[in-house]
Amino acid sequence: MKDSYLIPANTVCRCQMMIRSGGAGWGEDYWLAKAKTIEALYMKAEFTVVAGPYTGRKIHQNIILSGGKLDTAGRPIAANVGRSTLRAILESVRGVDPDDNSPEAVTARLISSWGDFNGLEFAAEVGIEEGKDNYQDKNKLQRIVTPDHQAYRSTMAPAQEVH
């Protein structure tokens, strides 16, 4: 029997991101958390569905931003995925096509601190992560939906514009 509390896989919905402060980072920017088992910093994120039939459902996901396992070229694998995810969130929020490298698009991807992500609303495709070690299956962000995706406009449109 499939868990009825899960949002079905491949569902596209509008989410709001909230960061649960982790007390780590640099300068006065303590939005990150320090991993206990590896040398890494990550963002503890909570994504709440804010429109549609799954409104109010929450997805918890950590986004690694530094450290972790390296690929054969010496680059941090999970950190690269994490930074790509955050870039896609900015593109979704700010309506920037991922292939746009114009000065305006580059500027739209800039942030002043990790806290800039707190409260942002964006479009995401939800997936299901299989539970391990006696944990239940759970939802995850499968991918961030950006303006180049067919579901972007209807997902990000204000409620009165959706037909």
# chains A, B, ... in the order shown; residues from 1 in each chain; ligands from 1
call {"tool": "residues_around", "arguments": {"residues": "Leu41 in chain A", "least_positions_apart": "4", "cutoff": "9 Å", "atoms": "only C-alpha atoms", "output": "list in words"}}
result
Ala24, Gly25, Leu32, Ala33, Lys34, Ala35, Ile63, Ile64, Leu65, Ser66, Gly67, Gly68 and Ala79 of chain A
call {"tool": "residues_around", "arguments": {"residues": "range 43-56 of chain A", "least_positions_apart": "2", "cutoff": "8 Å", "atoms": "only C-alpha atoms", "output": "compact mmCIF listing (two decimals) with N, CA and C atoms, in the first residue's frame"}}
result
# COMPACT_ATOMS: atom_id res chain seq x y z
N ILE A 7 2.91 13.36 -1.23
CA ILE A 7 2.52 14.02 -2.47
C ILE A 7 2.98 13.08 -3.58
N CYS A 13 4.41 21.77 -7.95
CA CYS A 13 3.66 22.65 -7.04
C CYS A 13 4.51 23.87 -6.67
N ARG A 14 3.82 24.85 -6.14
CA ARG A 14 4.48 26.08 -5.68
C ARG A 14 4.84 25.90 -4.22
N CYS A 15 6.11 26.14 -3.90
CA CYS A 15 6.61 25.94 -2.54
C CYS A 15 7.22 27.22 -1.99
N GLN A 16 7.18 27.34 -0.67
CA GLN A 16 7.87 28.43 0.00
C GLN A 16 9.00 27.82 0.82
N MET A 17 10.17 28.40 0.70
CA MET A 17 11.36 27.90 1.39
C MET A 17 11.57 28.65 2.70
N MET A 18 11.80 27.90 3.75
CA MET A 18 12.18 28.48 5.04
C MET A 18 13.46 27.78 5.49
N ILE A 19 14.39 28.55 6.01
CA ILE A 19 15.65 28.00 6.49
C ILE A 19 15.60 27.92 8.00
N ARG A 20 15.90 26.74 8.51
CA ARG A 20 15.99 26.57 9.96
C ARG A 20 17.45 26.82 10.33
N SER A 21 17.72 27.93 11.00
CA SER A 21 19.08 28.35 11.32
C SER A 21 19.86 27.23 12.00
N GLY A 22 21.10 27.07 11.56
CA GLY A 22 21.93 26.01 12.09
C GLY A 22 23.08 26.50 12.94
N TRP A 31 23.16 31.05 8.83
CA TRP A 31 22.03 30.30 8.29
C TRP A 31 22.37 28.82 8.08
N LEU A 32 23.62 28.45 8.13
CA LEU A 32 24.03 27.09 7.81
C LEU A 32 24.23 26.24 9.06
N ALA A 33 24.29 24.94 8.87
CA ALA A 33 24.56 23.99 9.94
C ALA A 33 25.83 23.22 9.59
N LEU A 41 29.20 22.02 5.40
CA LEU A 41 28.19 22.96 5.85
C LEU A 41 26.97 22.78 4.97
N LYS A 58 4.59 19.76 3.98
CA LYS A 58 5.98 20.20 4.16
C LYS A 58 6.95 19.13 3.68
N ILE A 59 8.06 19.60 3.13
CA ILE A 59 9.16 18.74 2.70
C ILE A 59 10.40 19.27 3.38
N HIS A 60 11.11 18.41 4.08
CA HIS A 60 12.36 18.80 4.75
C HIS A 60 13.52 18.22 3.97
N GLN A 61 14.51 19.06 3.69
CA GLN A 61 15.64 18.62 2.89
C GLN A 61 16.87 19.45 3.25
N ASN A 62 17.98 18.79 3.40
CA ASN A 62 19.25 19.48 3.64
C ASN A 62 19.92 19.75 2.30
N ILE A 63 20.51 20.93 2.18
CA ILE A 63 21.22 21.31 0.96
C ILE A 63 22.67 21.56 1.34
N ILE A 64 23.54 20.64 0.95
CA ILE A 64 24.97 20.77 1.26
C ILE A 64 25.57 21.86 0.38
N LEU A 65 26.36 22.76 1.00
CA LEU A 65 26.93 23.89 0.27
C LEU A 65 28.45 23.90 0.25
call {"tool": "select_by_dssp", "arguments": {"residues": "range 10-139 of chain A", "states": "strand (DSSP E)", "output": "ChimeraX atom specification"}}
result
/A:11-19,24-26,29-34,40-49,58-67,121-129,138-139
call {"tool": "write_last_selection", "arguments": {"atoms": "C-alpha atoms", "output": "compact mmCIF listing (two decimals), in the first residue's frame"}}
result
# COMPACT_ATOMS: atom_id res chain seq x y z
CA THR A 11 3.68 16.58 -8.98
CA VAL A 12 4.61 20.18 -9.76
CA CYS A 13 3.66 22.65 -7.04
CA ARG A 14 4.48 26.08 -5.68
CA CYS A 15 6.61 25.94 -2.54
CA GLN A 16 7.87 28.43 0.00
CA MET A 17 11.36 27.90 1.39
CA MET A 18 12.18 28.48 5.04
CA ILE A 19 15.65 28.00 6.49
CA ALA A 24 27.19 27.88 11.49
CA GLY A 25 28.57 29.87 8.60
CA TRP A 26 30.83 32.86 8.33
CA ASP A 29 25.52 34.88 8.35
CA TYR A 30 24.64 31.88 10.55
CA TRP A 31 22.03 30.30 8.29
CA LEU A 32 24.03 27.09 7.81
CA ALA A 33 24.56 23.99 9.94
CA LYS A 34 27.74 21.96 10.39
CA ALA A 40 30.52 20.00 5.45
CA LEU A 41 28.19 22.96 5.85
CA TYR A 42 24.57 22.68 4.81
CA MET A 43 21.29 24.55 4.78
CA LYS A 44 18.45 22.96 6.78
CA ALA A 45 15.51 23.77 4.52
CA GLU A 46 11.78 23.34 4.93
CA PHE A 47 9.59 23.66 1.86
CA THR A 48 5.86 24.25 2.35
CA VAL A 49 3.40 23.80 -0.51
CA LYS A 58 5.98 20.20 4.16
CA ILE A 59 9.16 18.74 2.70
CA HIS A 60 12.36 18.80 4.75
CA GLN A 61 15.64 18.62 2.89
CA ASN A 62 19.25 19.48 3.64
CA ILE A 63 21.22 21.31 0.96
CA ILE A 64 24.97 20.77 1.26
CA LEU A 65 26.93 23.89 0.27
CA SER A 66 30.54 23.04 1.11
CA GLY A 67 32.63 19.99 1.86
CA GLU A 121 8.33 31.00 -3.38
CA PHE A 122 9.23 28.89 -6.40
CA ALA A 123 7.97 26.00 -8.53
CA ALA A 124 9.22 22.47 -7.84
CA GLU A 125 8.60 18.96 -9.02
CA VAL A 126 8.18 16.63 -6.06
CA GLY A 127 9.62 13.13 -5.89
CA ILE A 128 9.59 10.31 -3.38
CA GLU A 129 12.69 9.10 -1.54
CA LYS A 138 9.27 10.74 2.25
CA ASN A 139 8.84 13.49 -0.29
call {"tool": "atom_distance", "arguments": {"atom1": "CA of Ser154 in chain A", "atom2": "CA of Arg109 in chain A"}}
result
22.2 Å
call {"tool": "atom_distance", "arguments": {"atom1": "CA of Asp148 in chain A", "atom2": "CA of Ala88 in chain A"}}
result
11.1 Å
call {"tool": "residues_around", "arguments": {"residues": "range 97-103 of chain A", "least_positions_apart": "3", "cutoff": "9 Å", "atoms": "only C-alpha atoms", "output": "list in words"}}
result
Arg87, Ala88, Glu91, Ser92, Val106, Thr107, Ala108, Thr146, Pro147 and Asp148 of chain A
call {"tool": "closest_residue", "arguments": {"among": "A:Asn10, A:Leu70, A:Val93, A:Ile77", "to": "Asp116 in chain A", "atoms": "only C-alpha atoms"}}
result
A:Val93
call {"tool": "atom_distance", "arguments": {"atom1": "CA of Val81 in chain A", "atom2": "CA of Val145 in chain A"}}
result
15.2 Å
call {"tool": "select_by_dssp", "arguments": {"residues": "chain A", "states": "helix (DSSP H, G or I)", "output": "VMD selection string"}}
result
chain A and resid 77 to 94 103 to 108 114 to 117 152 to 156 159 to 161
call {"tool": "closest_residue", "arguments": {"among": "A:His149, A:Lys69, A:Pro158, A:Ala9", "to": "Ile38 in chain A", "atoms": "only C-alpha atoms"}}
result
A:Lys69
